[in-house]
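Below: final06.txt (compact mmCIF, C-alpha atoms)
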```
# COMPACT_ATOMS: atom_id res chain seq x y z
CA MET R 24 77.53 3.17 -106.43
CA SER R 25 76.72 6.26 -104.43
CA GLU R 26 73.03 5.63 -105.00
CA GLN R 27 73.41 2.15 -103.63
CA LYS R 28 75.24 3.55 -100.60
CA GLN R 29 72.46 6.04 -100.03
CA GLN R 30 69.91 3.29 -100.18
CA LEU R 31 71.90 1.31 -97.70
CA ALA R 32 72.12 4.29 -95.38
CA HIS R 33 68.40 4.78 -95.77
CA HIS R 34 67.69 1.22 -94.81
CA GLU R 35 70.00 1.17 -91.83
CA PRO R 36 67.82 2.92 -89.27
CA LYS R 37 64.85 0.78 -90.23
CA HIS R 38 66.90 -2.31 -89.64
CA GLY R 39 68.29 -0.76 -86.45
CA GLU R 40 64.83 -0.62 -84.88
CA HIS R 41 65.02 -4.30 -84.17
CA GLN R 42 68.61 -4.23 -83.14
CA HIS R 43 70.08 -2.92 -79.95
CA HIS R 44 71.27 0.67 -80.08
CA VAL R 45 74.81 1.20 -78.84
CA THR R 46 75.55 4.77 -77.76
CA PRO R 47 79.13 5.68 -78.77
CA PRO R 48 81.54 6.76 -75.96
CA GLY R 49 81.93 10.22 -77.51
CA VAL R 50 78.31 11.00 -76.63
CA TYR R 51 78.88 9.90 -73.03
CA VAL R 52 82.01 12.06 -72.76
CA ALA R 53 80.16 15.11 -74.15
CA ILE R 54 77.24 14.62 -71.73
CA PHE R 55 79.65 14.08 -68.82
CA ILE R 56 81.44 17.38 -69.51
CA THR R 57 78.13 19.21 -70.00
CA LEU R 58 76.87 17.91 -66.65
CA LEU R 59 80.04 19.12 -64.89
CA VAL R 60 79.71 22.55 -66.54
CA PHE R 61 76.08 22.83 -65.40
CA THR R 62 77.12 21.82 -61.88
CA ALA R 63 79.67 24.64 -61.83
CA LEU R 64 77.00 26.99 -63.24
CA THR R 65 74.42 26.15 -60.58
CA VAL R 66 76.95 26.56 -57.76
CA GLY R 67 78.11 29.88 -59.24
CA ALA R 68 74.51 31.07 -59.65
CA SER R 69 73.80 30.36 -55.97
CA TYR R 70 76.40 32.98 -55.00
CA VAL R 71 74.63 35.67 -57.05
CA GLU R 72 71.78 37.52 -55.35
CA MET R 73 68.69 37.07 -57.55
CA GLY R 74 65.90 36.96 -54.97
CA VAL R 75 63.06 34.66 -56.02
CA TRP R 76 64.99 33.69 -59.15
CA ASN R 77 67.68 31.81 -57.23
CA PRO R 78 65.53 28.69 -56.63
CA VAL R 79 63.99 28.97 -60.12
CA ILE R 80 67.38 28.98 -61.84
CA ALA R 81 68.75 26.21 -59.57
CA LEU R 82 65.76 23.99 -60.36
CA ALA R 83 65.87 24.85 -64.08
CA ILE R 84 69.52 23.76 -64.23
CA GLY R 85 68.57 20.63 -62.27
CA VAL R 86 65.86 19.81 -64.82
CA ILE R 87 68.30 20.30 -67.72
CA LYS R 88 70.86 18.00 -66.05
CA ALA R 89 68.25 15.35 -65.26
CA THR R 90 66.94 15.50 -68.84
CA LEU R 91 70.45 14.93 -70.22
CA VAL R 92 70.94 11.95 -67.90
CA VAL R 93 67.57 10.42 -68.86
CA LEU R 94 67.98 10.96 -72.62
CA PHE R 95 71.62 9.90 -73.04
CA PHE R 96 73.00 8.03 -70.00
CA MET R 97 69.73 6.12 -69.63
CA GLY R 98 69.35 5.96 -73.41
CA VAL R 99 65.69 7.00 -73.60
CA LYS R 100 66.46 9.03 -76.74
CA TYR R 101 67.26 5.79 -78.56
CA SER R 102 64.76 3.53 -76.84
CA SER R 103 61.39 2.10 -77.84
CA LYS R 104 58.15 4.09 -77.87
CA LEU R 105 56.97 1.98 -74.93
CA THR R 106 59.88 3.17 -72.80
CA MET R 107 59.33 6.79 -73.85
CA LEU R 108 55.66 6.55 -72.97
CA THR R 109 56.52 4.98 -69.61
CA VAL R 110 58.98 7.74 -68.74
CA GLY R 111 56.56 10.42 -69.96
CA ALA R 112 53.71 8.95 -67.93
CA GLY R 113 55.92 8.89 -64.83
CA ILE R 114 56.94 12.53 -65.20
CA PHE R 115 53.35 13.58 -65.93
CA THR R 116 51.98 11.74 -62.88
CA PHE R 117 54.71 13.11 -60.63
CA LEU R 118 54.12 16.71 -61.79
CA THR R 119 50.34 16.32 -61.43
CA LEU R 120 50.61 15.00 -57.87
CA ILE R 121 53.16 17.55 -56.72
CA SER R 122 51.38 20.54 -58.27
CA MET R 123 47.97 19.54 -56.89
CA THR R 124 49.42 19.00 -53.41
CA LEU R 125 51.31 22.29 -53.44
CA ALA R 126 48.28 24.15 -54.86
CA ASP R 127 46.23 22.80 -51.95
CA TYR R 128 48.69 23.82 -49.23
CA ILE R 129 49.43 27.24 -50.73
CA SER R 130 45.74 28.14 -51.21
CA ARG R 131 44.46 27.05 -47.78
CA ALA R 132 44.95 30.46 -46.21
CA TRP R 133 43.91 32.31 -49.38
CA GLY R 134 42.79 35.84 -48.50
CA LEU R 135 43.43 35.40 -44.78
CA TRP R 136 46.77 37.18 -44.72
CA MET M 23 66.38 -19.15 -61.71
CA SER M 24 66.14 -22.83 -62.77
CA ASP M 25 63.16 -24.41 -64.45
CA SER M 26 61.02 -26.66 -62.26
CA PRO M 27 60.93 -30.35 -63.26
CA VAL M 28 57.31 -30.08 -64.40
CA ILE M 29 58.06 -27.25 -66.78
CA ALA M 30 61.21 -28.99 -68.02
CA HIS M 31 59.13 -32.07 -68.77
CA GLY M 32 56.53 -30.02 -70.62
CA ALA M 33 59.18 -28.20 -72.60
CA SER M 34 60.90 -31.38 -73.68
CA GLU M 35 57.78 -32.50 -75.52
CA VAL M 36 57.78 -29.35 -77.62
CA GLU M 37 60.24 -29.23 -80.45
CA HIS M 38 63.37 -27.70 -78.99
CA HIS M 39 64.78 -25.07 -81.31
CA GLU M 40 68.19 -23.52 -81.05
CA HIS M 41 68.44 -20.40 -78.93
CA PRO M 42 70.99 -18.74 -76.60
CA ALA M 43 71.08 -20.15 -73.07
CA TYR M 44 69.99 -16.82 -71.60
CA LEU M 45 66.75 -16.67 -73.60
CA ARG M 46 63.90 -17.83 -71.36
CA HIS M 47 61.28 -20.08 -72.92
CA HIS M 48 58.37 -17.73 -72.35
CA PHE M 49 59.92 -15.13 -74.66
CA GLU M 50 59.72 -15.15 -78.44
CA SER M 51 63.12 -13.61 -78.99
CA VAL M 52 66.09 -12.03 -77.23
CA GLU M 53 64.80 -8.58 -78.26
CA GLN M 54 61.43 -9.25 -76.69
CA GLN M 55 63.10 -10.45 -73.51
CA ALA M 56 65.34 -7.37 -73.38
CA ASP M 57 62.42 -5.00 -74.04
CA THR M 58 60.32 -6.67 -71.36
CA THR M 59 62.98 -6.48 -68.64
CA ASN M 60 63.77 -2.90 -69.65
CA PHE M 61 60.08 -1.99 -69.33
CA ALA M 62 59.92 -3.69 -65.91
CA MET M 63 62.98 -1.78 -64.74
CA TRP M 64 61.38 1.52 -65.76
CA LEU M 65 58.18 0.61 -63.92
CA PHE M 66 60.27 -0.04 -60.79
CA LEU M 67 61.96 3.35 -61.26
CA LEU M 68 58.53 5.01 -61.49
CA THR M 69 57.68 3.63 -58.03
CA GLU M 70 60.97 5.13 -56.88
CA VAL M 71 59.99 8.48 -58.42
CA MET M 72 56.75 8.39 -56.41
CA PHE M 73 58.67 7.45 -53.24
CA PHE M 74 61.23 10.26 -53.47
CA GLY M 75 58.51 12.56 -54.85
CA GLY M 76 56.73 12.33 -51.51
CA LEU M 77 59.89 13.42 -49.70
CA PHE M 78 60.46 16.29 -52.13
CA THR M 79 56.85 17.43 -51.72
CA ALA M 80 57.15 17.35 -47.93
CA TYR M 81 60.35 19.39 -48.17
CA LEU M 82 58.73 22.05 -50.39
CA ILE M 83 55.66 22.37 -48.15
CA TYR M 84 57.67 22.69 -44.93
CA ARG M 85 60.10 25.09 -46.55
CA ASN M 86 57.10 27.22 -47.49
CA TRP M 87 55.72 27.08 -43.93
CA TYR M 88 58.93 27.48 -41.90
CA TYR M 89 60.88 29.56 -44.37
CA PRO M 90 63.23 31.53 -42.00
CA ALA M 91 64.16 28.37 -40.09
CA PHE M 92 64.83 26.46 -43.33
CA VAL M 93 67.02 29.28 -44.64
CA ALA M 94 69.10 29.42 -41.44
CA ALA M 95 69.36 25.62 -41.22
CA SER M 96 70.47 25.23 -44.85
CA HIS M 97 73.33 27.65 -44.17
CA GLN M 98 74.79 24.88 -42.00
CA LEU M 99 75.45 22.70 -45.05
CA ASN M 100 78.89 22.80 -46.61
CA ILE M 101 78.69 23.81 -50.29
CA PHE M 102 82.24 22.60 -50.96
CA TRP M 103 81.45 19.02 -49.91
CA GLY M 104 78.08 19.17 -51.65
CA THR M 105 79.65 20.26 -54.93
CA ALA M 106 82.45 17.69 -54.61
CA ASN M 107 79.88 14.94 -54.07
CA THR M 108 77.85 16.09 -57.08
CA ALA M 109 80.98 15.86 -59.24
CA VAL M 110 81.81 12.42 -57.79
CA LEU M 111 78.32 11.11 -58.50
CA ILE M 112 78.21 12.50 -62.05
CA SER M 113 81.62 10.88 -62.68
CA SER M 114 80.31 7.55 -61.37
CA SER M 115 77.33 7.85 -63.73
CA PHE M 116 79.77 8.44 -66.58
CA THR M 117 81.90 5.40 -65.69
CA MET M 118 78.69 3.34 -65.42
CA ALA M 119 77.56 4.50 -68.88
CA MET M 120 80.99 3.56 -70.24
CA GLY M 121 80.60 0.17 -68.54
CA VAL M 122 77.35 -0.41 -70.43
CA TRP M 123 79.13 0.48 -73.67
CA CYS M 124 81.97 -1.94 -72.83
CA ALA M 125 79.46 -4.72 -72.18
CA GLU M 126 77.60 -3.98 -75.42
CA THR M 127 80.83 -4.05 -77.44
CA ARG M 128 82.12 -7.10 -75.53
CA ARG M 129 85.14 -5.47 -73.88
CA LYS M 130 85.64 -7.55 -70.75
CA GLY M 131 88.66 -5.70 -69.34
CA GLY M 132 87.05 -2.33 -69.96
CA LEU M 133 83.81 -3.43 -68.31
CA VAL M 134 85.60 -4.65 -65.17
CA LEU M 135 87.58 -1.41 -65.00
CA CYS M 136 84.42 0.73 -65.38
CA LEU M 137 82.54 -1.26 -62.74
CA VAL M 138 85.46 -1.00 -60.30
CA LEU M 139 85.68 2.78 -60.89
CA THR M 140 81.93 3.17 -60.37
CA PHE M 141 82.21 1.07 -57.19
CA LEU M 142 85.07 3.25 -55.87
CA LEU M 143 83.36 6.54 -56.75
CA GLY M 144 80.25 5.30 -54.93
CA LEU M 145 82.41 4.68 -51.85
CA VAL M 146 83.97 8.16 -52.16
CA PHE M 147 80.47 9.65 -52.21
CA LEU M 148 79.55 7.80 -49.01
CA GLY M 149 82.86 8.83 -47.42
CA ILE M 150 82.18 12.51 -48.09
CA LYS M 151 78.60 12.05 -46.86
CA SER M 152 79.94 10.57 -43.60
CA ILE M 153 82.23 13.61 -43.14
CA GLU M 154 79.15 15.83 -43.48
CA TYR M 155 77.08 13.65 -41.14
CA SER M 156 79.79 13.63 -38.46
CA GLU M 157 79.85 17.45 -38.60
CA LYS M 158 76.09 17.46 -37.93
CA ILE M 159 76.56 15.00 -35.05
CA GLU M 160 79.29 17.15 -33.50
CA LYS M 161 77.13 20.26 -33.69
CA HIS M 162 74.10 18.38 -32.30
CA HIS M 163 72.11 19.04 -35.46
CA VAL M 164 70.71 15.52 -35.56
CA PRO M 165 66.99 15.66 -34.65
CA GLY M 166 66.20 14.10 -31.29
CA PHE M 167 66.83 14.55 -27.58
CA HIS M 168 70.30 15.99 -28.10
CA TYR M 169 69.27 18.52 -30.74
CA SER M 170 70.85 21.93 -30.11
CA LEU M 171 69.45 25.30 -31.20
CA LYS M 172 72.67 27.14 -30.35
CA SER M 173 73.69 27.84 -33.96
CA PHE M 174 70.33 29.52 -34.59
CA LEU M 175 69.71 31.35 -31.29
CA ASP M 176 73.29 32.62 -31.16
CA PRO M 177 74.61 32.64 -34.77
CA ASP M 178 77.81 34.46 -33.78
CA SER M 179 78.91 31.34 -31.88
CA ASP M 180 78.72 29.29 -35.09
CA GLU M 181 81.21 29.71 -37.91
CA ALA M 182 78.86 28.73 -40.74
CA ALA M 183 75.99 30.87 -39.44
CA LYS M 184 78.32 33.81 -38.93
CA ALA M 185 79.75 33.50 -42.44
CA ALA M 186 76.22 33.52 -43.88
CA GLY M 187 75.36 36.63 -41.84
CA ASP M 188 72.50 34.94 -39.96
CA LYS M 189 70.58 36.97 -37.39
CA PRO M 190 69.43 35.32 -34.12
CA LEU M 191 66.07 33.57 -34.56
CA PRO M 192 63.31 33.72 -31.91
CA LEU M 193 62.99 30.42 -30.01
CA ASP M 194 59.72 29.31 -31.65
CA VAL M 195 61.13 29.96 -35.13
CA ALA M 196 64.50 28.36 -34.34
CA ARG M 197 62.79 25.14 -33.18
CA HIS M 198 61.63 24.52 -36.74
CA THR M 199 65.22 24.05 -37.91
CA GLU M 200 64.79 20.54 -36.50
CA VAL M 201 62.17 19.90 -39.22
CA TYR M 202 64.73 20.91 -41.83
CA PHE M 203 67.31 18.48 -40.44
CA SER M 204 64.70 15.71 -40.16
CA LEU M 205 64.01 16.09 -43.87
CA TYR M 206 67.72 16.51 -44.63
CA PHE M 207 68.54 13.18 -42.96
CA ALA M 208 65.47 11.43 -44.38
CA MET M 209 66.24 12.50 -47.96
CA THR M 210 70.03 12.16 -47.98
CA GLY M 211 69.75 9.01 -45.84
CA MET M 212 67.34 7.31 -48.26
CA HIS M 213 69.58 8.42 -51.11
CA ALA M 214 72.64 7.00 -49.31
CA LEU M 215 70.78 3.73 -48.71
CA HIS M 216 70.16 3.48 -52.45
CA MET M 217 73.87 4.09 -52.98
CA ILE M 218 74.79 1.32 -50.51
CA ILE M 219 72.46 -1.14 -52.25
CA GLY M 220 73.90 -0.09 -55.62
CA ILE M 221 77.48 -0.53 -54.41
CA ALA M 222 76.65 -4.01 -53.08
CA ILE M 223 75.19 -5.01 -56.46
CA LEU M 224 78.24 -3.51 -58.18
CA GLY M 225 80.50 -5.73 -56.06
CA PHE M 226 78.53 -8.75 -57.24
CA MET M 227 78.67 -7.56 -60.85
CA ILE M 228 82.47 -7.11 -60.75
CA PHE M 229 82.90 -10.82 -59.93
CA ARG M 230 80.40 -11.84 -62.62
CA ALA M 231 82.02 -9.53 -65.18
CA ARG M 232 85.46 -10.99 -64.45
CA ALA M 233 84.01 -14.40 -65.26
CA GLY M 234 82.83 -12.98 -68.60
CA ALA M 235 79.12 -13.07 -67.81
CA TYR M 236 78.18 -9.75 -69.44
CA THR M 237 80.47 -9.75 -72.45
CA ALA M 238 78.96 -12.70 -74.31
CA GLY M 239 75.99 -10.86 -75.82
CA HIS M 240 73.64 -10.78 -72.82
CA VAL M 241 73.91 -7.29 -71.35
CA THR M 242 70.44 -6.80 -69.83
CA PHE M 243 71.62 -6.93 -66.23
CA VAL M 244 74.34 -4.33 -66.76
CA GLU M 245 71.96 -2.05 -68.67
CA ASN M 246 69.20 -2.25 -66.08
CA PHE M 247 71.62 -1.70 -63.21
CA GLY M 248 72.89 1.32 -65.15
CA LEU M 249 69.32 2.68 -65.20
CA TYR M 250 69.14 2.29 -61.41
CA TRP M 251 72.51 3.97 -60.87
CA HIS M 252 71.63 6.92 -63.14
CA PHE M 253 68.30 7.28 -61.36
CA VAL M 254 70.08 7.61 -58.00
CA ASP M 255 72.27 10.24 -59.68
CA ILE M 256 69.16 12.18 -60.79
CA ILE M 257 67.79 12.19 -57.21
CA TRP M 258 71.04 13.80 -56.05
CA ILE M 259 70.90 16.30 -58.95
CA PHE M 260 67.71 17.65 -57.32
CA LEU M 261 68.69 17.14 -53.67
CA PHE M 262 71.85 19.20 -54.09
CA PRO M 263 70.24 22.52 -55.18
CA LEU M 264 67.19 22.10 -52.93
CA LEU M 265 69.14 21.38 -49.74
CA TYR M 266 72.41 23.25 -50.29
CA LEU M 267 71.96 26.05 -52.79
CA ILE M 268 68.57 27.75 -53.00
CA SER M 269 68.66 29.45 -49.59
CA ARG M 270 72.17 30.89 -49.80
CA HIS M 271 71.01 34.48 -50.08
CA ALA M 272 67.59 34.46 -48.50
CA ASN M 273 67.78 36.17 -45.14
```

Show me the file's structure as structure tokens.
Amino acid sequence: MSEQKQQLAHHEPKHGEHQHHVTPPGVYVAIFITLLVFTALTVGASYVEMGVWNPVIALAIGVIKATLVVLFFMGVKYSSKLTMLTVGAGIFTFLTLISMTLADYISRAWGLW
Amino acid sequence: MSDSPVIAHGASEVEHHEHPAYLRHHFESVEQQADTTNFAMWLFLLTEVMFFGGLFTAYLIYRNWYYPAFVAASHQLNIFWGTANTAVLISSSFTMAMGVWCAETRRKGGLVLCLVLTFLLGLVFLGIKSIEYSEKIEKHHVPGFHYSLKSFLDPDSDEAAKAAGDKPLPLDVARHTEVYFSLYFAMTGMHALHMIIGIAILGFMIFRARAGAYTAGHVTFVENFGLYWHFVDIIWIFLFPLLYLISRHAN
């Protein structure tokens, strides 16, 4: 009986690949609360003097929040490989473009100051 | 939306098998149709990433160039309203996510409620944004002929500048605060435009949901709109720290 149950449980995800994944509300509630906590954290951190680390921490918290939204609210964690590849390609292209542009502007006056 | 007569004629010659009304003929199955539209929605969002990415890049470059002006100008933003709006937008993303769940589990009443809440929270966001904009208009911080440098040349005359402990900027430095506000209005304005478009679509969806359109097994439209709404939320998640928070202490 229990073996049969195990087998069934084992087969479920395989079957689920073709079916639509439904994220349970509990996950949404947990992510919602986490996002609010991180918002409070980033506002609190902005009142602490940390010099160059202030923007770094603010952006790091932003990245964490955005990742949670993409993975759970937008359901990428449970989506097809095609969607994951699309999202990954978008992030990669964006980071490439922004880092190359910033590297150009920052290095133009290299050694002249 | 409707098949042309020619296609309908062609289709009638093929053996017509049973399928749900919402499955278009050029798709093999409902899953394939859902995957395809989902992929298309993500491709659209990637173009949006590139669009806002350009604005973010411009902001970072100018902040690097005109750093003292950007610091002083960002002290003019109200952190209370910014934080409130972040909370409002995250809540609207949550209600939207719950709406998708209601559609997937065929809860019509719940879906309508979630869509209405998302709609209202979107309006609250725009309301708070308009309070902030009107403050900028009153202080003549809108770039253009009426732009005023008073808050930056004489910080003691300005409550926000005084509270942040700003020192008077030289005229040539102070003039660059206008660049900050140009980018502020461009970025928050484009974000607000996306909100307005989203709210308009939500209004349409509320009527369709009341008629039971999304709770009969075909949830693609709700899901893809959810992706759009969450994307707009993500843009704000980055706008908020970049515009409001990161220059609090830099003097």

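In chain R, the set of residues within 6 Å of chain M (atoms considered: all atoms listed in the file) is Ser69, Asn77, Pro78, Ala81, Gly85, Ala89, Phe96, Met97 and Gly113 of chain R.
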
Keeping only C-alpha atoms, take the residues you just selected and write them out as a PDB file, in the coordinates of the input.
```pdb
ATOM      1  CA  SER R  69      73.800  30.360 -55.970  1.00  0.00           C
ATOM      2  CA  ASN R  77      67.680  31.810 -57.230  1.00  0.00           C
ATOM      3  CA  PRO R  78      65.530  28.690 -56.630  1.00  0.00           C
ATOM      4  CA  ALA R  81      68.750  26.210 -59.570  1.00  0.00           C
ATOM      5  CA  GLY R  85      68.570  20.630 -62.270  1.00  0.00           C
ATOM      6  CA  ALA R  89      68.250  15.350 -65.260  1.00  0.00           C
ATOM      7  CA  PHE R  96      73.000   8.030 -70.000  1.00  0.00           C
ATOM      8  CA  MET R  97      69.730   6.120 -69.630  1.00  0.00           C
ATOM      9  CA  GLY R 113      55.920   8.890 -64.830  1.00  0.00           C
TER      10      GLY R 113
END
```

inquiry  = With distances taken over only C-alpha atoms, which residue among M:Phe66, M:Phe174, M:Tyr89, M:Tyr44 lies nearest M:His240?
reply    = M:Tyr44

request  = Take atom CA of R:Tyr101 and atom CA of M:Phe226 and report the distance between them in Å, one decimal.
outcome  =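 One can read the atom CA of R:Tyr101 to atom CA of M:Phe226 distance as 28.2 Å.
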
message = When you look at stretch 175-187 of chain M with a cut-off of 9 Å (counting all atoms listed in the file), what residues show up, excluding the ones that are within fewer than 3 positions of it in the same chain? I need them as a ChimeraX atom specification.
response = /M:94-95,97-100,171-172,190-193,196,270-271,273

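Between R:Val86 and the residues R:Phe55, R:Val45, R:Leu120, R:Thr62, the shortest atom-to-atom distance, using only C-alpha atoms, involves R:Thr62.
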
key: Best match for closeness to M:Arg230 among M:Leu137, M:Val254, M:Ile159, M:Leu145, counting only C-alpha atoms   = M:Leu137

ask   = Rounded to one decimal in Å, what is the spacing between atom CA of M:Val134 and atom CA of M:Ala231?
value = 6.1 Å

ask   = Counting only C-alpha atoms, which of R:Leu118, R:Val71, R:Leu94, R:Leu105 gets nearest to R:Val50?
value =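 Closest residue, counting only C-alpha atoms: R:Leu94.
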
remark   = A straight line from atom CA of R:Gly74 to atom CA of M:Tyr202 spans 20.8 Å

Contact residues around M:Arg232 with all atoms listed in the file at 12 Å, ignoring same-chain residues under 2 positions, as JSON, numbers by chain = {"M": [125, 129, 130, 131, 132, 133, 134, 135, 136, 137, 138, 225, 226, 227, 228, 229, 230, 234, 235, 236, 237, 238]}

Counting only C-alpha atoms, the option among R:Val75, R:Thr57, R:Gly111, R:Ser102 closest to R:Lys88 =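 The closest residue to R:Lys88 is R:Thr57.
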
task = Find the residue from R:Ala63, R:Ile56, R:Ser130, R:Phe95 that sits nearest to R:His44; use only C-alpha atoms when measuring.
result =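 Checking each of R:Ala63, R:Ile56, R:Ser130, R:Phe95 against R:His44, counting only C-alpha atoms, the winner is R:Phe95.
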